[in-house]
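coords-v4.cif (mmCIF, C-alpha atoms) appears below.
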```cif
data_protein
#
loop_
_atom_site.label_atom_id
_atom_site.label_comp_id
_atom_site.auth_asym_id
_atom_site.auth_seq_id
_atom_site.Cartn_x
_atom_site.Cartn_y
_atom_site.Cartn_z
CA MET A 107 0.00 0.00 0.00
CA ASP A 108 1.35 3.41 -0.89
CA GLY A 109 1.16 6.43 1.35
CA ARG A 110 -0.75 8.51 -1.17
CA LEU A 111 -3.13 11.41 -0.84
CA ASP A 112 -6.71 11.40 -2.00
CA SER A 113 -8.07 14.17 -4.19
CA GLY A 114 -9.25 16.13 -1.16
CA GLY A 115 -5.74 16.29 0.29
CA GLY A 116 -6.44 13.75 3.04
CA LEU A 117 -4.29 10.74 3.77
CA THR A 118 -5.85 7.55 2.61
CA THR A 119 -3.45 4.98 4.02
CA LEU A 120 -1.84 4.28 7.35
CA LEU A 121 1.61 4.61 5.78
CA GLY A 122 1.15 8.36 5.70
CA MET A 123 0.39 8.62 9.41
CA PRO A 124 3.95 8.88 10.80
CA ALA A 125 4.63 11.73 8.39
CA LEU A 126 1.38 13.37 9.40
CA LEU A 127 2.38 13.22 13.04
CA ARG A 128 5.62 15.11 12.30
CA GLN A 129 4.23 18.62 12.09
CA GLU A 130 6.97 20.06 9.86
CA GLU A 131 6.20 17.54 7.15
CA VAL A 132 2.51 18.30 7.08
CA ALA A 133 2.82 21.16 4.64
CA GLY A 134 4.83 18.90 2.37
CA LEU A 135 1.97 16.44 2.34
CA GLY A 136 -0.34 19.13 1.07
CA VAL A 137 -2.58 19.05 4.12
CA ALA A 138 -4.10 22.46 4.82
CA VAL A 139 -3.18 23.38 8.34
CA GLY A 140 -3.97 27.08 8.28
CA GLU A 141 -6.92 28.62 9.97
CA ARG A 142 -8.78 28.84 6.70
CA GLY A 143 -8.33 25.13 6.20
CA ALA A 144 -9.67 24.53 9.67
CA ARG A 145 -12.70 26.68 8.92
CA LEU A 146 -13.37 24.77 5.71
CA GLN A 147 -13.05 21.52 7.64
CA LEU A 148 -15.51 22.77 10.26
CA ARG A 149 -17.95 23.85 7.55
CA ARG A 150 -17.79 20.34 6.08
CA GLN A 151 -18.53 18.90 9.50
CA ILE A 152 -21.45 21.31 9.91
CA ALA A 153 -22.83 20.17 6.56
CA ARG A 154 -22.58 16.51 7.53
CA LEU A 155 -24.14 17.07 10.96
CA GLU A 156 -26.96 19.17 9.49
CA ALA A 157 -27.78 16.31 7.09
CA GLU A 158 -27.76 13.85 9.95
CA LEU A 159 -29.95 16.07 12.12
CA ALA A 160 -32.39 16.63 9.25
CA GLY A 161 -32.70 12.86 8.81
CA LEU A 162 -33.30 12.30 12.52
CA PHE A 163 -35.83 15.15 12.63
CA GLY A 164 -37.77 13.64 9.73
CA GLU A 165 -37.61 10.16 11.23
CA ALA A 166 -38.79 11.32 14.64
CA PHE A 167 -41.51 13.70 13.48
CA GLY A 168 -44.84 12.63 14.89
CA HIS A 169 -43.21 10.02 17.15
CA ALA A 170 -40.84 11.83 19.43
CA GLU A 171 -39.74 15.34 20.23
CA VAL A 172 -36.19 15.75 19.04
CA PRO A 173 -34.25 18.85 19.96
CA HIS A 174 -33.04 20.45 16.74
CA ARG A 175 -32.77 24.16 17.47
CA ILE A 176 -29.42 25.89 17.79
CA ASP A 177 -29.39 29.57 18.49
CA SER A 178 -27.90 31.74 15.78
CA VAL A 179 -24.43 32.99 16.61
CA ALA A 180 -24.79 36.17 14.56
CA PRO A 181 -27.71 38.58 14.17
CA VAL A 182 -26.74 39.17 10.54
CA PRO A 183 -25.11 36.88 7.96
CA ARG A 184 -21.32 37.03 8.14
CA VAL A 185 -18.17 34.95 7.90
CA LEU A 186 -17.80 33.18 11.23
CA ASP A 187 -14.45 32.85 12.90
CA LEU A 188 -12.99 29.55 14.03
CA GLY A 189 -14.45 29.73 17.53
CA GLU A 190 -17.93 30.52 16.28
CA LEU A 191 -17.82 27.72 13.73
CA GLU A 192 -16.71 25.36 16.47
CA ALA A 193 -19.64 26.50 18.59
CA VAL A 194 -22.06 25.79 15.71
CA ARG A 195 -20.42 22.40 15.06
CA ASP A 196 -20.52 21.47 18.75
CA GLY A 197 -24.11 22.63 19.03
CA LEU A 198 -25.12 20.48 16.07
CA ALA A 199 -23.16 17.50 17.36
CA GLY A 200 -24.91 17.88 20.72
CA ARG A 201 -28.32 18.07 19.07
CA VAL A 202 -27.60 15.02 16.91
CA ALA A 203 -26.59 13.04 20.00
CA GLU A 204 -29.69 14.19 21.89
CA ALA A 205 -31.92 13.39 18.92
CA ARG A 206 -30.42 9.91 18.66
CA ARG A 207 -30.96 9.35 22.38
CA ALA A 208 -34.56 10.57 22.14
CA LEU A 209 -35.23 8.23 19.23
CA VAL A 210 -33.62 5.24 20.96
CA GLU A 211 -35.63 5.95 24.10
CA ARG A 212 -38.82 6.31 22.06
CA ARG A 213 -38.17 3.02 20.25
CA ARG A 214 -37.58 1.30 23.59
CA VAL A 215 -40.93 2.58 24.88
CA GLU A 216 -42.68 1.52 21.66
CA ASP A 217 -41.14 -1.97 21.87
CA GLU A 218 -42.31 -2.28 25.47
CA ASN A 219 -45.81 -1.19 24.46
CA ARG A 220 -45.81 -3.69 21.61
CA GLU A 221 -44.93 -6.47 24.03
CA LEU A 222 -47.62 -5.20 26.40
CA VAL A 223 -50.24 -5.47 23.65
CA GLU A 224 -49.11 -9.01 22.89
CA ARG A 225 -49.40 -9.94 26.57
CA MET A 226 -52.81 -8.21 26.77
CA LEU A 227 -54.06 -10.19 23.78
CA ALA A 228 -52.80 -13.42 25.33
CA ALA A 229 -54.26 -12.79 28.79
CA PRO A 230 -56.71 -9.85 28.86
CA GLN A 231 -57.84 -10.64 32.42
CA ASP A 232 -54.34 -9.83 33.70
CA TYR A 233 -54.49 -6.30 32.25
CA LYS A 234 -57.93 -5.07 33.28
CA TRP A 235 -58.87 -1.73 31.76
CA VAL A 236 -55.40 -1.21 30.29
CA ARG A 237 -55.54 0.84 27.11
CA VAL A 238 -52.71 1.20 24.58
CA SER A 239 -53.03 3.52 21.62
CA ARG A 240 -51.54 3.14 18.14
CA GLU A 241 -49.51 6.25 18.87
CA ASP A 242 -47.92 4.46 21.85
CA LEU A 243 -46.65 1.87 19.36
CA GLY A 244 -45.36 4.47 16.93
CA LEU A 245 -48.12 3.75 14.44
CA HIS A 246 -50.01 6.34 12.45
CA GLY A 247 -53.72 6.91 12.72
CA CYS A 248 -56.21 6.62 15.54
CA GLY A 249 -57.19 3.52 17.44
CA HIS A 250 -56.28 1.62 20.55
CA TRP A 251 -56.26 -1.76 22.26
CA HIS A 252 -58.44 -1.77 25.34
CA SER A 253 -58.84 -4.61 27.82
CA ARG A 254 -62.54 -4.61 28.74
CA PRO A 255 -65.08 -7.06 30.19
CA ARG A 256 -67.54 -8.79 27.86
CA LEU A 257 -71.16 -7.83 28.54
CA GLY A 258 -70.22 -5.06 30.95
CA PRO A 259 -70.86 -5.74 34.66
CA ILE A 260 -71.71 -9.39 33.99
CA GLY A 261 -68.31 -9.93 32.37
CA MET A 262 -66.65 -8.14 35.26
CA LEU A 263 -68.31 -10.45 37.76
CA MET A 264 -67.63 -13.56 35.66
CA GLY A 265 -64.08 -12.58 34.74
CA TRP A 266 -64.80 -12.54 30.99
CA TRP A 267 -62.22 -10.11 29.71
CA ARG A 268 -61.19 -9.38 26.17
CA VAL A 269 -59.08 -6.87 24.26
CA LYS A 270 -61.19 -4.63 22.11
CA VAL A 271 -59.50 -3.01 19.11
CA SER A 272 -61.09 0.32 18.24
CA SER A 273 -62.20 0.90 14.69
CA GLY A 274 -59.96 3.86 13.88
CA CYS A 275 -60.36 7.59 13.53
CA PRO A 276 -63.79 9.14 14.03
CA LEU A 277 -65.42 10.27 10.79
CA ALA A 278 -65.64 13.98 10.07
CA GLY A 279 -69.43 13.84 10.19
CA ARG A 280 -69.39 12.41 13.68
CA LEU A 281 -66.93 15.06 14.85
CA ALA A 282 -69.20 17.76 13.43
CA ALA A 283 -72.11 16.25 15.34
CA VAL A 284 -70.11 16.48 18.57
CA ASP A 285 -69.50 20.18 17.93
CA ARG A 286 -73.23 20.74 17.55
CA MET B 139 -22.26 40.85 -19.15
CA GLY B 140 -20.34 38.15 -17.29
CA ALA B 141 -21.06 34.53 -17.89
CA GLY B 142 -24.36 35.33 -19.51
CA SER B 143 -23.63 32.51 -21.85
CA ALA B 144 -25.88 30.29 -19.74
CA GLY B 145 -28.95 31.91 -21.21
CA GLN B 146 -27.51 31.91 -24.70
CA ARG B 147 -26.64 28.25 -24.27
CA LEU B 148 -30.20 27.48 -23.23
CA GLY B 149 -31.53 29.76 -25.91
CA TRP B 150 -33.82 31.83 -23.78
CA VAL B 151 -34.09 35.55 -23.47
CA PRO B 152 -33.36 37.48 -21.32
CA ALA B 153 -30.09 35.74 -20.67
CA PRO B 154 -29.01 35.37 -17.03
CA GLN B 155 -25.90 37.22 -16.04
CA GLN B 156 -23.35 35.98 -13.58
CA GLY B 157 -22.34 38.25 -10.73
CA TRP B 158 -19.14 38.00 -8.75
CA VAL B 159 -18.22 37.11 -5.22
CA ALA B 160 -15.47 38.94 -3.31
CA PRO B 161 -12.39 36.69 -3.57
CA HIS B 162 -11.87 36.28 0.18
CA ILE B 163 -15.56 35.36 0.57
CA ALA B 164 -15.37 32.95 -2.38
CA SER B 165 -12.35 31.24 -0.83
CA GLU B 166 -14.33 30.76 2.41
CA PHE B 167 -17.48 29.60 0.63
CA PRO B 168 -16.65 27.68 -2.53
CA GLY B 169 -19.79 27.36 -4.62
CA LEU B 170 -21.29 30.67 -3.51
CA GLY B 171 -22.54 32.70 -6.44
CA ILE B 172 -25.12 35.14 -7.69
CA ALA B 173 -26.81 35.29 -11.07
CA TRP B 174 -29.53 37.60 -12.21
CA VAL B 175 -31.88 38.43 -14.98
CA GLU B 176 -33.53 41.74 -15.84
CA VAL B 177 -37.11 41.77 -17.05
CA ASP B 178 -39.87 44.21 -17.86
CA ALA B 179 -42.67 43.87 -15.38
CA LYS B 180 -45.53 45.75 -13.87
CA PRO B 181 -45.89 45.20 -10.14
CA GLY B 182 -49.46 44.70 -9.05
CA LYS B 183 -52.16 42.11 -8.79
CA SER B 184 -51.25 38.77 -10.34
CA PRO B 185 -53.27 37.70 -13.37
CA GLU B 186 -55.49 34.65 -13.09
CA PRO B 187 -53.04 32.17 -14.70
CA VAL B 188 -50.42 33.04 -12.08
CA ARG B 189 -52.91 32.71 -9.24
CA ARG B 190 -54.12 29.42 -10.69
CA ARG B 191 -50.55 28.17 -10.77
CA LEU B 192 -50.15 29.09 -7.12
CA ARG B 193 -53.32 27.14 -6.32
CA ASP B 194 -52.01 24.14 -8.28
CA LEU B 195 -48.76 24.36 -6.35
CA SER B 196 -50.73 24.47 -3.09
CA ASP B 197 -52.61 21.33 -4.11
CA ARG B 198 -49.45 19.34 -4.61
CA THR B 199 -47.58 20.56 -1.54
CA TYR B 200 -48.30 18.51 1.55
CA GLY B 201 -47.34 18.73 5.20
CA SER B 202 -45.23 15.61 4.98
CA GLN B 203 -43.21 17.19 2.16
CA ALA B 204 -42.64 20.26 4.29
CA ILE B 205 -41.31 18.10 7.14
CA ARG B 206 -38.99 16.19 4.82
CA LEU B 207 -37.96 19.33 2.89
CA ARG B 208 -34.75 19.75 4.85
CA GLU B 209 -33.59 16.32 3.69
CA ARG B 210 -33.78 17.29 0.01
CA PRO B 211 -30.45 18.39 -1.50
CA ILE B 212 -31.19 22.02 -2.40
CA PRO B 213 -33.11 23.04 0.75
CA TRP B 214 -30.47 21.19 2.78
CA ALA B 215 -27.69 23.14 1.01
CA TYR B 216 -29.30 26.44 2.03
CA ARG B 217 -29.78 25.23 5.62
CA VAL B 218 -26.12 24.32 5.78
CA PHE B 219 -25.10 27.69 4.38
CA PHE B 220 -27.33 29.46 6.91
CA ARG B 221 -25.57 27.59 9.71
CA GLN B 222 -22.20 28.46 8.23
CA ILE B 223 -22.97 32.18 8.20
CA GLY B 224 -24.29 32.16 11.74
CA LEU B 225 -28.03 32.11 11.09
CA ASP B 226 -30.38 29.60 12.66
CA PRO B 227 -32.46 28.22 9.76
CA ASP B 228 -35.24 27.37 12.20
CA ARG B 229 -35.54 31.03 13.13
CA THR B 230 -34.44 32.83 9.97
CA ARG B 231 -36.02 30.41 7.53
CA THR B 232 -34.54 29.60 4.16
CA PRO B 233 -36.81 30.98 1.40
CA VAL B 234 -38.24 27.62 0.34
CA GLU B 235 -38.83 26.50 3.94
CA GLN B 236 -40.53 29.79 4.76
CA LEU B 237 -42.89 29.31 1.83
CA ALA B 238 -43.60 25.69 2.81
CA LEU B 239 -44.36 26.84 6.35
CA ASP B 240 -46.64 29.63 5.07
CA ARG B 241 -48.41 27.07 2.88
CA LEU B 242 -49.16 24.92 5.94
CA HIS B 243 -50.14 27.89 8.05
CA ASP B 244 -52.39 29.58 5.49
CA GLY B 245 -53.73 26.43 3.85
CA GLY B 246 -52.32 27.50 0.49
CA PHE B 247 -49.82 29.78 -1.17
CA ARG B 248 -51.33 33.24 -0.83
CA SER B 249 -51.08 35.56 -3.79
CA ASN B 250 -49.03 38.65 -2.95
CA GLY B 251 -49.12 40.10 -6.44
CA LEU B 252 -46.22 40.48 -8.83
CA PRO B 253 -43.30 40.07 -8.69
CA GLY B 254 -43.74 38.19 -5.37
CA ASP B 255 -45.88 35.43 -6.86
CA ALA B 256 -43.45 34.81 -9.73
CA LEU B 257 -40.60 34.46 -7.26
CA ASP B 258 -42.63 32.22 -4.96
CA ILE B 259 -43.52 29.86 -7.81
CA ALA B 260 -39.87 29.59 -8.88
CA ILE B 261 -38.64 29.14 -5.31
CA VAL B 262 -41.14 26.40 -4.51
CA GLU B 263 -40.54 24.59 -7.80
CA THR B 264 -36.74 24.69 -7.66
CA GLY B 265 -35.80 25.42 -4.04
CA VAL B 266 -33.42 28.16 -5.20
CA ALA B 267 -33.34 31.43 -3.21
CA LEU B 268 -34.43 34.42 -5.29
CA ARG B 269 -34.53 38.16 -4.62
CA ALA B 270 -36.03 41.03 -6.59
CA PHE B 271 -34.75 44.59 -6.92
CA ASP B 272 -35.84 47.64 -8.86
CA ALA B 273 -33.61 47.57 -11.96
CA GLU B 274 -33.57 51.36 -12.17
CA ALA B 275 -31.88 51.52 -8.77
CA VAL B 276 -29.24 48.91 -9.57
CA SER B 277 -26.04 50.06 -11.19
CA GLY B 278 -23.64 47.59 -12.76
CA ARG B 279 -23.05 43.98 -11.89
CA LEU B 280 -24.37 42.37 -8.76
CA CYS B 281 -22.02 40.82 -6.28
CA ILE B 282 -21.84 39.20 -2.88
CA ARG B 283 -19.35 40.86 -0.57
CA ASP B 284 -18.87 41.79 3.04
CA SER B 285 -19.64 45.28 4.23
CA ALA B 286 -16.97 47.94 4.09
CA PRO B 287 -16.18 49.94 7.25
CA GLY B 288 -18.73 52.69 7.79
CA GLU B 289 -21.11 51.29 5.20
CA SER B 290 -24.81 51.23 5.98
CA LEU B 291 -27.94 49.81 4.43
CA ALA B 292 -30.44 52.44 3.32
CA GLY B 293 -33.38 52.53 5.68
CA MET B 294 -31.58 50.65 8.45
CA PRO B 295 -30.32 52.48 11.52
CA GLY B 296 -26.58 52.66 12.04
CA GLU B 297 -23.69 51.10 10.22
CA MET B 298 -23.61 47.50 9.12
CA ALA B 299 -21.63 45.30 11.49
CA LYS B 300 -18.12 44.49 10.30
CA GLY B 301 -18.10 41.58 7.86
CA THR B 302 -21.84 41.54 7.22
CA LEU B 303 -22.52 39.62 4.02
CA ALA B 304 -24.53 41.63 1.55
CA ILE B 305 -25.77 41.64 -2.01
CA ALA B 306 -24.40 44.77 -3.65
CA ASP B 307 -24.11 46.47 -6.98
CA GLU B 308 -21.12 48.54 -8.05
CA ALA B 309 -22.23 51.49 -5.91
CA ARG B 310 -23.75 50.24 -2.65
CA PRO B 311 -25.21 47.30 -0.77
CA LEU B 312 -28.70 46.41 -1.98
CA GLY B 313 -29.60 44.21 0.94
CA LEU B 314 -28.41 41.66 3.41
CA LEU B 315 -27.62 38.26 2.02
CA PHE B 316 -30.80 36.41 3.11
CA GLY B 317 -32.20 39.41 4.90
CA ALA B 318 -33.66 42.87 4.56
CA THR B 319 -33.53 44.87 1.33
CA ALA B 320 -32.31 48.47 1.45
CA ALA B 321 -35.07 51.07 1.43
CA GLY B 322 -35.96 52.29 -2.05
CA LEU B 323 -34.13 49.46 -3.83
CA GLY B 324 -36.84 46.86 -3.63
CA VAL B 325 -39.62 46.54 -6.18
CA GLU B 326 -42.29 49.16 -5.73
CA GLN B 327 -45.52 50.06 -7.47
CA GLY B 328 -43.73 52.38 -9.90
CA SER B 329 -40.99 49.90 -10.88
CA ARG B 330 -41.02 49.02 -14.56
CA ARG B 331 -37.91 46.86 -14.85
CA ILE B 332 -37.04 44.26 -12.26
CA VAL B 333 -33.82 42.48 -11.44
CA VAL B 334 -34.43 38.92 -10.26
CA ALA B 335 -31.34 37.56 -8.54
CA ALA B 336 -30.63 33.94 -7.59
CA ILE B 337 -28.24 33.18 -4.75
CA GLN B 338 -26.37 29.97 -5.32
CA VAL B 339 -24.65 28.12 -2.50
CA LYS B 340 -22.50 25.00 -2.51
CA GLY B 341 -24.65 22.02 -3.40
CA VAL B 342 -27.09 23.93 -5.61
CA PRO B 343 -26.54 22.92 -9.24
CA GLN B 344 -26.18 25.60 -11.89
CA ILE B 345 -29.07 24.11 -13.85
CA ALA B 346 -31.40 24.70 -10.88
CA VAL B 347 -30.31 28.35 -10.69
CA GLU B 348 -30.94 28.84 -14.39
CA GLU B 349 -34.29 27.11 -14.15
CA ALA B 350 -35.34 29.29 -11.21
CA LEU B 351 -34.40 32.48 -13.05
CA TRP B 352 -36.09 31.32 -16.23
CA MET B 353 -39.25 30.37 -14.36
CA ALA B 354 -39.48 33.69 -12.50
CA ALA B 355 -38.62 35.75 -15.58
CA SER B 356 -41.03 33.94 -17.87
CA THR B 357 -43.85 34.24 -15.31
CA LEU B 358 -43.19 37.97 -15.00
CA GLU B 359 -42.99 38.51 -18.73
CA ALA B 360 -46.11 36.48 -19.45
CA ALA B 361 -48.12 38.44 -16.90
#
```

Write-out of the structure in structure tokens:
Amino acid sequence: MDGRLDSGGGLTTLLGMPALLRQEEVAGLGVAVGERGARLQLRRQIARLEAELAGLFGEAFGHAEVPHRIDSVAPVPRVLDLGELEAVRDGLAGRVAEARRALVERRRVEDENRELVERMLAAPQDYKWVRVSREDLGLHGCGHWHSRPRLGPIGMLMGWWRVKVSSGCPLAGRLAAVDR
Amino acid sequence: MGAGSAGQRLGWVPAPQQGWVAPHIASEFPGLGIAWVEVDAKPGKSPEPVRRRLRDLSDRTYGSQAIRLRERPIPWAYRVFFRQIGLDPDRTRTPVEQLALDRLHDGGFRSNGLPGDALDIAIVETGVALRAFDAEAVSGRLCIRDSAPGESLAGMPGEMAKGTLAIADEARPLGLLFGATAAGLGVEQGSRRIVVAAIQVKGVPQIAVEEALWMAASTLEAA
């Protein structure tokens, strides 16, 4: 393997690493070490993190609240210095990490609810009056699973429990009737 | 005219002209550019075909698209650029995201008359950021540069902060890059020629810029 540079000026093989670690040879390798280079590098990182955050935001929308706001560092558009770019990059990185955590946590809750529904369906009498909505499972639309007694009070006395699955979203006409 | 060859290449008139970016800004933001087209137009109420087109656009723009907009390449490119110049794109919205949000809020794209409607149609269709200025007030080529010391934006109190990025002509700043337009330089009722400018950032293909300018110019000229 040769210690060659890729088109972007970055080392592509491990053979180049010792040379990279010797600071005086860095310029010889064509690696931009100036502040401008650092700013360009930070801007690339911001672009990548913004894409990642946008993906997480889209994935989580309607399921979980993901933090995605980062306060502007300037009241007007301008060229940011290194420190400000770092602050934006760090802010985005923090938001991406928080968004990932929020999504993982949400998925864990949804998995638990899914298992709960399975257990409810298997033994409704063990989960009296428990109600799980489609939203709790990360599903779209209205509806829920509700453990209820058959035949009302008679079922309660006899221990006849079942899981009733609701029929979905109320129709617009019915909602209008409620308003009246 | 700079690289106005784009329009000649595409064979449409008026041909778009390419502005310039201050070299130290261009070295910080490769891919940043400005192109513009000058058209005859009469500001005022949009004719029915333009309003119908806005309604058609409303009908095929959904909430789910607005949510996923930031994942599409061109809107994403503007979001990234906003971050890179210190703006929060969730507070100072990119033009296409602002329109998508307005669409959800108002239940449709509202007609604001010309040239606003022509710009809105082009922005929604292409995602490219467009601005309009009164051509009579613009002198020479457009550019993107940072503010000079002591420079101010007409109608705004005080001097512009050092390094503020602005759209300018050869005489003065016309407006903030993605911000307010200087007083008296925007399109007004008496304007007869309009400059439509497209701001290109890294990740926005040239063909999208040309399409946006063509769409806005042809809508204005047809009206």

*asked:* With the PyMOL selection byres ((chain A and resi 187) around 12) as the selection, what would be picked from this file? Answer as a ChimeraX atom specification, please.
replied: /A:141-146,148-149,179-180,184-186,188-194 /B:166,222-224,301

*When the PyMOL selection byres ((chain B and resi 158) around 7) is applied to the file above, which residues end up in the set, as a VMD selection string?*
chain B and resid 156 to 157 159 to 160 171 to 172 280 to 282

*asked:* Contacts from chain B to chain A, 10 Å maximum, all atoms listed in the file: show me the residue list as JSON, numbers by chain.
replied: {"B": [163, 165, 166, 167, 168, 202, 203, 204, 205, 206, 207, 208, 209, 210, 211, 214, 215, 217, 218, 219, 220, 221, 222, 223, 224, 225, 226, 227, 228, 229, 230, 283, 284, 285, 298, 299, 300, 301, 302, 303, 304, 314, 315, 316, 317, 318]}

Written file, previous selection with C-alpha atoms, as a PDB file, in the frame of the given file:
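Result saved to selection_12.pdb:
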```
ATOM      1  CA  ILE B 163     -15.560  35.360   0.570  1.00  0.00           C
ATOM      2  CA  SER B 165     -12.350  31.240  -0.830  1.00  0.00           C
ATOM      3  CA  GLU B 166     -14.330  30.760   2.410  1.00  0.00           C
ATOM      4  CA  PHE B 167     -17.480  29.600   0.630  1.00  0.00           C
ATOM      5  CA  PRO B 168     -16.650  27.680  -2.530  1.00  0.00           C
ATOM      6  CA  SER B 202     -45.230  15.610   4.980  1.00  0.00           C
ATOM      7  CA  GLN B 203     -43.210  17.190   2.160  1.00  0.00           C
ATOM      8  CA  ALA B 204     -42.640  20.260   4.290  1.00  0.00           C
ATOM      9  CA  ILE B 205     -41.310  18.100   7.140  1.00  0.00           C
ATOM     10  CA  ARG B 206     -38.990  16.190   4.820  1.00  0.00           C
ATOM     11  CA  LEU B 207     -37.960  19.330   2.890  1.00  0.00           C
ATOM     12  CA  ARG B 208     -34.750  19.750   4.850  1.00  0.00           C
ATOM     13  CA  GLU B 209     -33.590  16.320   3.690  1.00  0.00           C
ATOM     14  CA  ARG B 210     -33.780  17.290   0.010  1.00  0.00           C
ATOM     15  CA  PRO B 211     -30.450  18.390  -1.500  1.00  0.00           C
ATOM     16  CA  TRP B 214     -30.470  21.190   2.780  1.00  0.00           C
ATOM     17  CA  ALA B 215     -27.690  23.140   1.010  1.00  0.00           C
ATOM     18  CA  ARG B 217     -29.780  25.230   5.620  1.00  0.00           C
ATOM     19  CA  VAL B 218     -26.120  24.320   5.780  1.00  0.00           C
ATOM     20  CA  PHE B 219     -25.100  27.690   4.380  1.00  0.00           C
ATOM     21  CA  PHE B 220     -27.330  29.460   6.910  1.00  0.00           C
ATOM     22  CA  ARG B 221     -25.570  27.590   9.710  1.00  0.00           C
ATOM     23  CA  GLN B 222     -22.200  28.460   8.230  1.00  0.00           C
ATOM     24  CA  ILE B 223     -22.970  32.180   8.200  1.00  0.00           C
ATOM     25  CA  GLY B 224     -24.290  32.160  11.740  1.00  0.00           C
ATOM     26  CA  LEU B 225     -28.030  32.110  11.090  1.00  0.00           C
ATOM     27  CA  ASP B 226     -30.380  29.600  12.660  1.00  0.00           C
ATOM     28  CA  PRO B 227     -32.460  28.220   9.760  1.00  0.00           C
ATOM     29  CA  ASP B 228     -35.240  27.370  12.200  1.00  0.00           C
ATOM     30  CA  ARG B 229     -35.540  31.030  13.130  1.00  0.00           C
ATOM     31  CA  THR B 230     -34.440  32.830   9.970  1.00  0.00           C
ATOM     32  CA  ARG B 283     -19.350  40.860  -0.570  1.00  0.00           C
ATOM     33  CA  ASP B 284     -18.870  41.790   3.040  1.00  0.00           C
ATOM     34  CA  SER B 285     -19.640  45.280   4.230  1.00  0.00           C
ATOM     35  CA  MET B 298     -23.610  47.500   9.120  1.00  0.00           C
ATOM     36  CA  ALA B 299     -21.630  45.300  11.490  1.00  0.00           C
ATOM     37  CA  LYS B 300     -18.120  44.490  10.300  1.00  0.00           C
ATOM     38  CA  GLY B 301     -18.100  41.580   7.860  1.00  0.00           C
ATOM     39  CA  THR B 302     -21.840  41.540   7.220  1.00  0.00           C
ATOM     40  CA  LEU B 303     -22.520  39.620   4.020  1.00  0.00           C
ATOM     41  CA  ALA B 304     -24.530  41.630   1.550  1.00  0.00           C
ATOM     42  CA  LEU B 314     -28.410  41.660   3.410  1.00  0.00           C
ATOM     43  CA  LEU B 315     -27.620  38.260   2.020  1.00  0.00           C
ATOM     44  CA  PHE B 316     -30.800  36.410   3.110  1.00  0.00           C
ATOM     45  CA  GLY B 317     -32.200  39.410   4.900  1.00  0.00           C
ATOM     46  CA  ALA B 318     -33.660  42.870   4.560  1.00  0.00           C
TER      47      ALA B 318
END
```

*Do a neighbour search on stretch 267-279 of chain A at 8 Å with only C-alpha atoms, toss out local chain neighbours closer than 6 positions, and write the hits as number ranges by chain.*
A: 226-227, 230-231, 234, 247-256, 261

Please produce a file of those selected residues containing C-alpha atoms, as a CSV table (one decimal), in the frame of the given file.
```csv
chain,number,residue,atom,x,y,z
A,226,MET,CA,-52.8,-8.2,26.8
A,227,LEU,CA,-54.1,-10.2,23.8
A,230,PRO,CA,-56.7,-9.8,28.9
A,231,GLN,CA,-57.8,-10.6,32.4
A,234,LYS,CA,-57.9,-5.1,33.3
A,247,GLY,CA,-53.7,6.9,12.7
A,248,CYS,CA,-56.2,6.6,15.5
A,249,GLY,CA,-57.2,3.5,17.4
A,250,HIS,CA,-56.3,1.6,20.6
A,251,TRP,CA,-56.3,-1.8,22.3
A,252,HIS,CA,-58.4,-1.8,25.3
A,253,SER,CA,-58.8,-4.6,27.8
A,254,ARG,CA,-62.5,-4.6,28.7
A,255,PRO,CA,-65.1,-7.1,30.2
A,256,ARG,CA,-67.5,-8.8,27.9
A,261,GLY,CA,-68.3,-9.9,32.4
```

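The coordinates place atom CA of B:Ile259 at 7.8 Å from atom CA of B:Met353.
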
*asked:* Can you measure atom CA of A:Asp242 to atom CA of A:Glu204 for me? One decimal in Å is fine.
replied: 20.7 Å

*Considering all atoms listed in the file, return as a list in words whatever protein or nucleic-acid residues lie within 9 Å of B:Val325, sequence-local ones (same chain, fewer than 6 positions apart) excluded.*
Pro181, Pro253, Ala270, Phe271, Asp272, Ala273, Arg331, Ile332 and Val333 of chain B

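When the distance limit is 7 Å and all atoms listed in the file are what count, the residues near B:Ala173, minus those fewer than 4 positions from it on the same chain, are Pro154, Gln155, Gln156, Gly157, Ala335, Ala336 and Ile337 of chain B.
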